[in-house]
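Novice: One structure is given below, represented as structure tokens, and several questions about it will come after.
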Amino acid sequence: MVEAKVEKKLYDYQEEDLKKIFHYLNEAPDNFNLLYQLPTGGGKTVVFSEIVRRYIERTEKKVVILTHRIELCKQTSKMLDGFQVKNKIINSKVKELPDQDEYQCFVAMVETLNNRLSDEKLEVDNVGLVIIDEAHYNSFTKLFKYFEDSFILGVTATPLSSNIKLPMKDNYQELIVGNSISSLIQEGFLAKAETICYDVGLTSLQVGINGDYTVKSSEDLYTNLTMQEKLVQAYEEHCKGKKTLIFNNGINTSWYVYHTFKDAGYEIKHLDNTCSKKERKEILKWFKHKPDAILTSVSILTTGFDEPSVENIILNRATKSLTLYYQMIGRGSRKIPNKDTFKVIDLGNNMARFGLWDAPVDWQLIFSNPDYFLENIRGDEEIEQEFTYKMPQEVRELFKNSEDISFDIKKKYNQAVNNGEKSKAVLEESIEQHAQMCVENSEDVFDARILAQELKDDIRDRVKRYSYCIINNTKNYRDWLFEDYCRKLRFRINEKFQD
């Protein structure tokens with residue numbers, strides 16, 4: 001039996017969720033599978049640690065808690081100690097359990113426990129409750145067969161399976177939804193996110209068999225000079241001098257980020273899963289104590305990492321994983337004194353894909369019908385159609401003699417169609433405007449042709465919008481259209497000076 005005196009105290013919303021969970025523990029069959037959702041930072045570990053304490057006290061049965069990372073094992077064990085639950089970690093060093101009667105609770109890595117149980121070298125008796133942390137990972141389901149007579153409680157911030165072919169509704173009968181992110185912000189438990197989005201063309205990215213963008217295609221995009229410059233610009237505009245965590249898709253990208261910031265004179269460190277335990281410990285210690293630290297990483301810090309002093313999260317990647325989206329942003333949501341807000345810099349159109357981090361989410365719908373949700377995630381082309389090009393101020397200065405530099409391709413296209421004109425007339429009118437801009441801001445034809453080079457981004461935007469209008473948006477066609485536009489623009493500039 002455990003001692004009744006507990007130092008930890010639960011918040012009201014956690015107590016409410018506890019009542020709902022114990023309703024199922026008391027009323028449902030012993031082999032019932034229940035899923036519990038609570039946002040990152042809402043205190044899932046606190047809730048299930050109190051569940052463990054009360055469950056053992058009431059039933060005298062044992063509890064097994066499963067995690068997928070050793071860091072989570074240690075954090076969970078420490079939290080259980082705080083609730084005065086005597087527990088033991090089953091790690092790679094534990095081969096047998098001759099002392100299992102001394103413990104009421106076991107915390108185990110999923111792969112380690114699976115190996116021990118399949119080898120029949122280890123057996124845990126009298127297990128009434130199995131708790132699965134980060135239950136959206138499918139690696140846990142292989143262990144279900146060993147606990148067929150136990151109540152299984154899955155806990156996650158996002159009840160959407162990491163494998164689209166293995167929906168969570170197939171393994172859990174009911175879902176309990178906890179407080180929303182917006183309510184936890186309103187009640188003062190989470191910091192509020194200020195999201196700054198940069199438009200990024202992602203049509204070159206490829207989707208892998210896991211349903212997310214491949215590392216290779218991501219690295220091809222995010223290691224190019226333009227994206228590296230955009231990242232540094234975003235940091236300098238919104239994050240400079242404050243603790244910043246950068247997420248990347250690929251180790252090479254993270255190293256590129258490291259060297260780019262180093263070359264720009266910033267102190268930065270890189271962390272990935274190839275770093276030793278000692279390196280990881282030293283880097284995270286540095287990150288904790290340096291107020292303006294910049295840390296670039298690759299997914300490794302999405303779970304099992306808690307550094308409340310983080311003030312900026314930079315998503316230097318795109319993802320189609322709703323879970324990963326919430327995990328990355330959640331690393332900045334911890335609230336501490338003098339920190340009520342944090343910034344999210346989105347360089348992967350993720351907000352346009354999933355919505356704001358604190359926007360309402362129908363988790364019951366996602367749980368019961370994940371296919372519908374996944375099929376209706378906004379595609380990259382649809383997102384990019386809404387991009388609006390804004391000429392940088394330094395470029396606008398070069399065309400200061402031109403009063404109007406705007407040109408609405410879609411509006412002009414619709415007018416041309418209604419007037420029975422050829423669609424190419426739209427591009428001809430656009431070229432005429434660009435040529436006039438170059439001429440009226442130059443002294444001679446040579447200056448004008450050099451100035452035309454500054455219009456490349458504007459030209460690409462107009463070409464892209466035109467290709468959407470005529471429903472021919474292949475990359476090869478857009479590239480050809482761009483080259484043809486630039487050639488005709490040079491020719492028209494020559495004609496204007498001759499005139």
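Simple scheme: letters A, B, ... for chains in structure tokens order, numbers from 1 for residues in each chain, numbers from 1 for ligands in the order shown.
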Could you name the residues that touch A:Lys142 at 12 Å or less, counting only C-alpha atoms, but leaving out those on the same chain fewer than 4 positions away, as a list of chain:residue names?
Specialist: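 With the cut-off at 12 Å, the set is A:Leu66, A:Val110, A:Glu111, A:Leu113, A:Asn114, A:Asn115, A:Leu117, A:Ser118, A:Tyr137, A:Asn138, A:Tyr146, A:Phe147, A:Glu148, A:Asn171.
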Novice: Would you save the residues of that selection, restricted to N, CA and C atoms, as a PDB file, in the first residue's frame?
Specialist:
```pdb
ATOM      1  N   LEU A  66       3.983   2.542 -20.099  1.00  0.00           N
ATOM      2  CA  LEU A  66       4.832   2.349 -21.278  1.00  0.00           C
ATOM      3  C   LEU A  66       5.159   3.693 -21.922  1.00  0.00           C
ATOM      4  N   VAL A 110       8.927   0.620 -24.505  1.00  0.00           N
ATOM      5  CA  VAL A 110       8.103  -0.351 -25.215  1.00  0.00           C
ATOM      6  C   VAL A 110       8.938  -1.477 -25.839  1.00  0.00           C
ATOM      7  N   GLU A 111      10.041  -1.136 -26.492  1.00  0.00           N
ATOM      8  CA  GLU A 111      10.854  -2.159 -27.158  1.00  0.00           C
ATOM      9  C   GLU A 111      11.520  -3.082 -26.142  1.00  0.00           C
ATOM     10  N   LEU A 113      10.513  -3.836 -23.022  1.00  0.00           N
ATOM     11  CA  LEU A 113       9.533  -4.736 -22.408  1.00  0.00           C
ATOM     12  C   LEU A 113       9.055  -5.796 -23.397  1.00  0.00           C
ATOM     13  N   ASN A 114       8.878  -5.393 -24.651  1.00  0.00           N
ATOM     14  CA  ASN A 114       8.442  -6.361 -25.661  1.00  0.00           C
ATOM     15  C   ASN A 114       9.475  -7.480 -25.826  1.00  0.00           C
ATOM     16  N   ASN A 115      10.756  -7.118 -25.851  1.00  0.00           N
ATOM     17  CA  ASN A 115      11.823  -8.117 -25.981  1.00  0.00           C
ATOM     18  C   ASN A 115      11.833  -9.067 -24.791  1.00  0.00           C
ATOM     19  N   LEU A 117       9.346  -9.783 -22.672  1.00  0.00           N
ATOM     20  CA  LEU A 117       8.140 -10.610 -22.622  1.00  0.00           C
ATOM     21  C   LEU A 117       8.131 -11.672 -23.717  1.00  0.00           C
ATOM     22  N   SER A 118       8.608 -11.327 -24.914  1.00  0.00           N
ATOM     23  CA  SER A 118       8.629 -12.297 -26.021  1.00  0.00           C
ATOM     24  C   SER A 118       9.665 -13.389 -25.781  1.00  0.00           C
ATOM     25  N   TYR A 137       1.718   6.815 -31.023  1.00  0.00           N
ATOM     26  CA  TYR A 137       2.735   5.991 -31.688  1.00  0.00           C
ATOM     27  C   TYR A 137       2.247   4.544 -31.740  1.00  0.00           C
ATOM     28  N   ASN A 138       2.364   3.922 -32.904  1.00  0.00           N
ATOM     29  CA  ASN A 138       1.807   2.580 -33.073  1.00  0.00           C
ATOM     30  C   ASN A 138       2.677   1.456 -32.535  1.00  0.00           C
ATOM     31  N   TYR A 146      -0.078  -9.040 -24.507  1.00  0.00           N
ATOM     32  CA  TYR A 146       0.419  -9.490 -23.198  1.00  0.00           C
ATOM     33  C   TYR A 146      -0.456  -8.976 -22.048  1.00  0.00           C
ATOM     34  N   PHE A 147      -1.340  -8.043 -22.358  1.00  0.00           N
ATOM     35  CA  PHE A 147      -2.172  -7.452 -21.301  1.00  0.00           C
ATOM     36  C   PHE A 147      -3.656  -7.491 -21.693  1.00  0.00           C
ATOM     37  N   GLU A 148      -4.094  -8.632 -22.212  1.00  0.00           N
ATOM     38  CA  GLU A 148      -5.463  -8.759 -22.714  1.00  0.00           C
ATOM     39  C   GLU A 148      -6.507  -8.643 -21.610  1.00  0.00           C
ATOM     40  N   ASN A 171      -8.026   0.437 -31.791  1.00  0.00           N
ATOM     41  CA  ASN A 171      -7.403  -0.063 -30.559  1.00  0.00           C
ATOM     42  C   ASN A 171      -8.022   0.496 -29.281  1.00  0.00           C
TER      43      ASN A 171
END
```
Novice: If you run DSSP on the backbone here, which positions in stretch 306-377 of chain A get alpha helix (DSSP H)? Please write them as a PyMOL selection string.
Specialist: chain A and resi 322-330+350-354+363-368+370-375
Novice: Could I get the residues of stretch 257-329 of chain A with an atom no further than 10 Å from an atom of stretch 22-46 of chain A, each paired with its nearest atom pair and that distance in Å to one decimal, using only C-alpha atoms, sorted by chain and residue number, as JSON lines?
Specialist:
```
{"residue": "A:Thr303", "atom": "CA", "partner": "A:Thr40", "partner_atom": "CA", "distance": 9.4}
{"residue": "A:Asp306", "atom": "CA", "partner": "A:Gly41", "partner_atom": "CA", "distance": 9.2}
{"residue": "A:Pro308", "atom": "CA", "partner": "A:Gly41", "partner_atom": "CA", "distance": 9.9}
{"residue": "A:Tyr326", "atom": "CA", "partner": "A:Thr40", "partner_atom": "CA", "distance": 7.7}
{"residue": "A:Gln327", "atom": "CA", "partner": "A:Thr40", "partner_atom": "CA", "distance": 7.0}
{"residue": "A:Met328", "atom": "CA", "partner": "A:Thr40", "partner_atom": "CA", "distance": 9.8}
{"residue": "A:Ile329", "atom": "CA", "partner": "A:Thr40", "partner_atom": "CA", "distance": 9.1}
```
Novice: Give me, please, the distance in Å between atom CA of A:Asn350 and atom CA of A:Tyr325, quoted to one decimal.
Specialist: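 Atom CA of A:Asn350 sits 7.4 Å away from atom CA of A:Tyr325.
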Novice: Here is a test: counting only C-alpha atoms, which residue of A:Ala191, A:Ala318, A:Ile90, A:Ala157 is nearest to A:Thr203?
Specialist: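 Among the listed residues, A:Ala318 lies closest to A:Thr203.
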Novice: Can you measure atom CA of A:Thr141 to atom CA of A:Thr323 for me? One decimal in Å is fine.
Specialist: 18.1 Å
Novice: Determine the nearest neighbour of A:Tyr413 from the options A:Leu295, A:Leu455, A:Cys469, A:Ile345, counting only C-alpha atoms.
Specialist: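 Of the candidates, the smallest distance to A:Tyr413 is held by A:Cys469.
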Novice: Pick out the residues sitting within 8 Å of A:Gly348, and hand them over as a ChimeraX atom specification; count only C-alpha atoms, and ignore anything fewer than 2 positions along from it in its own chain.
Specialist: /A:198-200,202,315-319,346,350
Novice: Please build the interface table for stretch 145-237 of chain A against stretch 12-18 of chain A with a cut-off of 9 Å, listing for each qualifying residue the nearest atom pair and the distance in Å to one decimal; count only C-alpha atoms, order rows by chain and increasing number, and write it as JSON lines.
Specialist:
```
{"residue": "A:Ile176", "atom": "CA", "partner": "A:Asp17", "partner_atom": "CA", "distance": 7.9}
{"residue": "A:Val177", "atom": "CA", "partner": "A:Asp17", "partner_atom": "CA", "distance": 8.3}
{"residue": "A:Gly178", "atom": "CA", "partner": "A:Asp17", "partner_atom": "CA", "distance": 6.5}
{"residue": "A:Asn179", "atom": "CA", "partner": "A:Tyr13", "partner_atom": "CA", "distance": 7.0}
```
Novice: Go through A:Cys239, A:Met437, A:Ile152, A:Leu489 one by one, measure the shortest atom-to-atom distance of each to A:Ile21 using only C-alpha atoms, and give the residue with the smallest value.
Specialist: A:Ile152
Novice: Skipping near chain neighbours, those fewer than 3 positions away, what residues fall within 8 Å of stretch 213-223 of chain A using only C-alpha atoms, listed as a short mmCIF file (atom, residue, chain, number, x, y, z; two decimals) with C-alpha atoms, in the first residue's frame?
Specialist:
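What landed in part.cif:
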```cif
data_model
loop_
_atom_site.label_atom_id
_atom_site.label_comp_id
_atom_site.auth_asym_id
_atom_site.auth_seq_id
_atom_site.Cartn_x
_atom_site.Cartn_y
_atom_site.Cartn_z
CA SER A 204 9.12 20.70 -54.95
CA LEU A 205 8.58 18.61 -51.80
CA GLN A 206 7.71 14.93 -52.11
CA VAL A 207 5.58 12.85 -49.74
CA GLY A 208 6.99 9.55 -48.47
CA MET A 227 15.71 29.63 -47.57
CA GLN A 228 18.75 30.05 -45.32
CA ASN A 249 13.58 18.00 -41.27
CA GLY A 250 17.01 16.43 -41.78
CA ASN A 252 22.09 18.21 -43.08
CA THR A 253 19.59 21.05 -42.93
CA TYR A 256 23.45 24.21 -42.66
CA VAL A 257 21.43 26.31 -40.20
CA ASN A 316 12.13 25.60 -40.42
CA ARG A 317 10.31 22.73 -42.07
CA ALA A 318 6.95 21.69 -43.41
CA THR A 319 5.03 18.73 -42.04
CA LYS A 320 1.81 16.92 -42.86
#
```
